[in-house]
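Working notes, structure below.
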Amino acid sequence: MPQARDLTGKSVVVLGLARQGMALVRFLAEQGASVTASDVKTADQLAEAIKSLDGVPIKYALGGHPIELLDGCTLLCLSGGVPVDLPIVVEAQKRGIALSNDAQIFVECCPAPVIGITGSAGKTTTTALTGEMLKVSGFKTWVGGNIGNPLIADLGRMAQGDKVVMELSSFQLEVMTSSPHIAAVLNITPNHLDRHPTMEAYIAAKKRILDFQDFGDVTVLGYDDAIARQLAGDARGYVRFFSQQAEVGRGAFVRDGNIVLKQDVEQVVCAVRDLKLRGSHNVWNVLAACVLAGAAGADVEAMAQVATSFAGVPHRLQLVRELRGVRYYNDSIATAPERLIAALRSFDEPIVLLCGGRDKHLPWEDAAALIAARVSHVVLFGEMTELIKSQISNVGTVWLKPDEYAKSQISKLEAHDAGTLENAVKVAAQVARAGDVVLLAPGGTSFDAFKDFAERGDKFAEYVNALE
């Protein structure tokens, strides 16, 4: 296990006072470090965060990140949303100042082995499933990281015999120099190219979860994803795969409609038809969770119990309401075209699709083709409206304004330019018929109108529940 650095008396600067940053400054101060918290927001904008940190011995540098913060600094820590190409970060690297974050410091200090999970899609659901399988197996289990709660806040209560399941994003991984003992790369598809300069840089960031493993650690990879599968060639750990398409030598796969786990012996976990989660993508998530939980000591009976009862996590194909025979699903986590595609493929019913948001500079051709094939109405909102229009304009789409949809008699794919999410829900309710699914699967980020995908999903649920 990596040795935790001695922070006593060290001068540490933390960039970003969101959830991860706040948990980190508390921890660093408790360890005796001299901490300065810096954020581009002003004191007025951060009033609530500052109030919650009252009594914690830290300094503030708000309204920007002045280079002078690096004078005397020995460690620069980045919250998840802080890009590595900021001038202060670039200057720190020139000066030889070490970079870190809450995830790195947690892995260094954690007394228990860590199960780390990353991927372009499915990592939150897989993290939650893995955690539940270990809990049902009787282990004291901690679940967190990018999934919501920074685990560093709970570090003082963890013991050597506990199990820790940690979701890791590419943003966290790109500065990390420690790897979890059990590490998974579920898949790697184009994502976050508004943040990472190239696809190669994005792949390299994801791969870092494996780069610092020791011989004897466990590497779990998605066999059906070409990029993830190829990482096996550089893995130091014992490689285990999960697959829907092949019977892997060691790991989990589907045979005759059953999920099979092959460790020292081969065992059937459950039938695929008995999974409560919808969609082929969730079969991969269950397979991955079985491999990860099995590597950490979970029993097959616990895996089966969780796999057949787990209903999902918020904002991931979450059923919000059924009204007049129409079911409304919240998949606000679908912030990329690949996730939109997975959501569409989870339903056989006619779909009224709500999509939009802010572009992540990702390819839309496949998503546009599937929309044309599977969707009866597409309702656009947010900054990406014109981009999506251009992508599916060659499939016979007719664009309607909000006041025109009621007059439409068009029998093919109908598209509606709603402007806002609230109006999109109203339009969807007007055009949906009994037996339809109204699906929020945006395909873009939420940052054009909301602070994150969770707020967008909560607002969607609020608007849906207000329908009469």
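Going through the structure tokens in order, the chains are called A, B, and so on, while each chain numbers its residues from 1 and the ligands are numbered from 1 in the order shown.
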Expected answer as a PyMOL selection string: strand (DSSP E or B) residues in segment 217-435 of chain A
chain A and resi 218-222+238-243+251-255+258-262+266-271+318-323+326-330+351-356+358+375-381+398-400+414-419
Can you list, as a PyMOL selection string, every residue of segment 284-445 of chain A that DSSP puts in helix (DSSP H, G or I)?
chain A and resi 284-295+300-307+337-344+365-374+385-395+405-407+421-431
Compile the contact shell of Arg324 of chain A as a list in words: residues with an atom at most 9 Å away, counting only C-alpha atoms, same-chain residues fewer than 5 positions apart removed.
Arg433, Ala434 and Gly435 of chain A
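For the pair atom CA of Ala454 of chain A and atom CA of Met166 of chain A, the interatomic distance is 19.0 Å.
For Ile209 of chain A, the list of residues within 9 Å, based on only C-alpha atoms and with local chain neighbours fewer than 2 positions off taken out, reads Gly116, Ile117, Thr118, Leu168, Leu173, Glu174, Met176, Thr177, Ser178, Ser179, Pro180, Ala183, Ala184, Val185, Ala205, Lys206, Lys207, Asp211, Phe212 and Gln213 of chain A.
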Excluding Pro350 of chain A and residues on its chain fewer than 2 positions from it, collect all residues at most 8 Å away from it, counting only C-alpha atoms, and give them as an mmCIF file with C-alpha atoms, in the first residue's frame.
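Listing of selection.cif after writing:
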```
data_model
loop_
_atom_site.group_PDB
_atom_site.id
_atom_site.type_symbol
_atom_site.label_atom_id
_atom_site.label_comp_id
_atom_site.auth_asym_id
_atom_site.auth_seq_id
_atom_site.Cartn_x
_atom_site.Cartn_y
_atom_site.Cartn_z
ATOM 1 C CA PHE A 347 -36.843 0.497 -24.277
ATOM 2 C CA ASP A 348 -39.052 -1.290 -26.783
ATOM 3 C CA VAL A 352 -40.610 10.772 -26.812
ATOM 4 C CA ARG A 374 -36.382 4.627 -32.516
ATOM 5 C CA VAL A 375 -37.959 7.952 -31.553
ATOM 6 C CA SER A 376 -41.419 9.212 -32.444
ATOM 7 C CA GLY A 435 -48.001 3.317 -23.845
ATOM 8 C CA ASP A 436 -45.251 5.805 -24.704
ATOM 9 C CA VAL A 437 -42.096 6.484 -22.729
#
```
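Compared by their closest atoms to Arg95 of chain A, and using only C-alpha atoms, the residues A:Val114, A:Ala298, A:Cys73, A:Ala61 rank with A:Cys73 nearest.
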As an exercise, work out the distance from atom CA of Arg316 of chain A to atom CA of Ser79 of chain A in Å and give it to one decimal place.
24.3 Å
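In terms of minimum interatomic distance to Asn146 of chain A, A:Ala103 ranks closest within A:Ala271, A:Ala418, A:Ala103, A:Leu380, counting only C-alpha atoms.
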Go ahead and compute the interatomic distance for atom CA of Ser170 of chain A and atom CA of Tyr202 of chain A, in Å to one decimal.
7.1 Å
Would you kindly return, as a PDB file with C-alpha atoms, in the first residue's frame, each protein, DNA or RNA residue with an atom no farther than 10 Å from any atom of Leu62 of chain A, considering only C-alpha atoms and excluding same-chain residues fewer than 4 positions away?
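That gives us result-v8.pdb:
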```
ATOM      1  CA  LEU A  15      -8.073  24.873  -5.864  1.00  0.00           C
ATOM      2  CA  GLY A  16     -11.865  24.663  -5.855  1.00  0.00           C
ATOM      3  CA  LEU A  17     -14.269  24.759  -2.927  1.00  0.00           C
ATOM      4  CA  ALA A  37      -8.339  27.427  -0.230  1.00  0.00           C
ATOM      5  CA  SER A  38      -8.681  29.222  -3.553  1.00  0.00           C
ATOM      6  CA  ASP A  39     -11.709  29.521  -5.821  1.00  0.00           C
ATOM      7  CA  VAL A  40     -12.680  31.647  -8.799  1.00  0.00           C
ATOM      8  CA  LYS A  41     -15.948  32.450  -7.057  1.00  0.00           C
ATOM      9  CA  THR A  42     -16.208  35.355  -4.634  1.00  0.00           C
ATOM     10  CA  ALA A  43     -16.783  35.241  -0.900  1.00  0.00           C
ATOM     11  CA  ASP A  44     -20.427  36.180  -1.424  1.00  0.00           C
ATOM     12  CA  GLN A  45     -20.911  33.335  -3.886  1.00  0.00           C
ATOM     13  CA  LEU A  46     -19.246  30.906  -1.467  1.00  0.00           C
ATOM     14  CA  PRO A  66      -3.193  34.280  -8.173  1.00  0.00           C
TER      15      PRO A  66
END
```
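Minimum distance to Arg358 of chain A across A:Asp417, A:Glu108, A:Asp448, A:Glu48 (counting only C-alpha atoms) occurs at A:Asp448.
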Near-segment 90-92 of chain A list (10 Å; only C-alpha atoms; drop same-chain fewer than 4 positions) as a ChimeraX atom specification:
/A:67,69-71,73-76,84-86,96-99
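The smallest atom-to-atom distance between Thr8 of chain A and any of A:Leu387, A:Gln31, A:Leu24, A:Glu349, using only C-alpha atoms, is found for A:Gln31.
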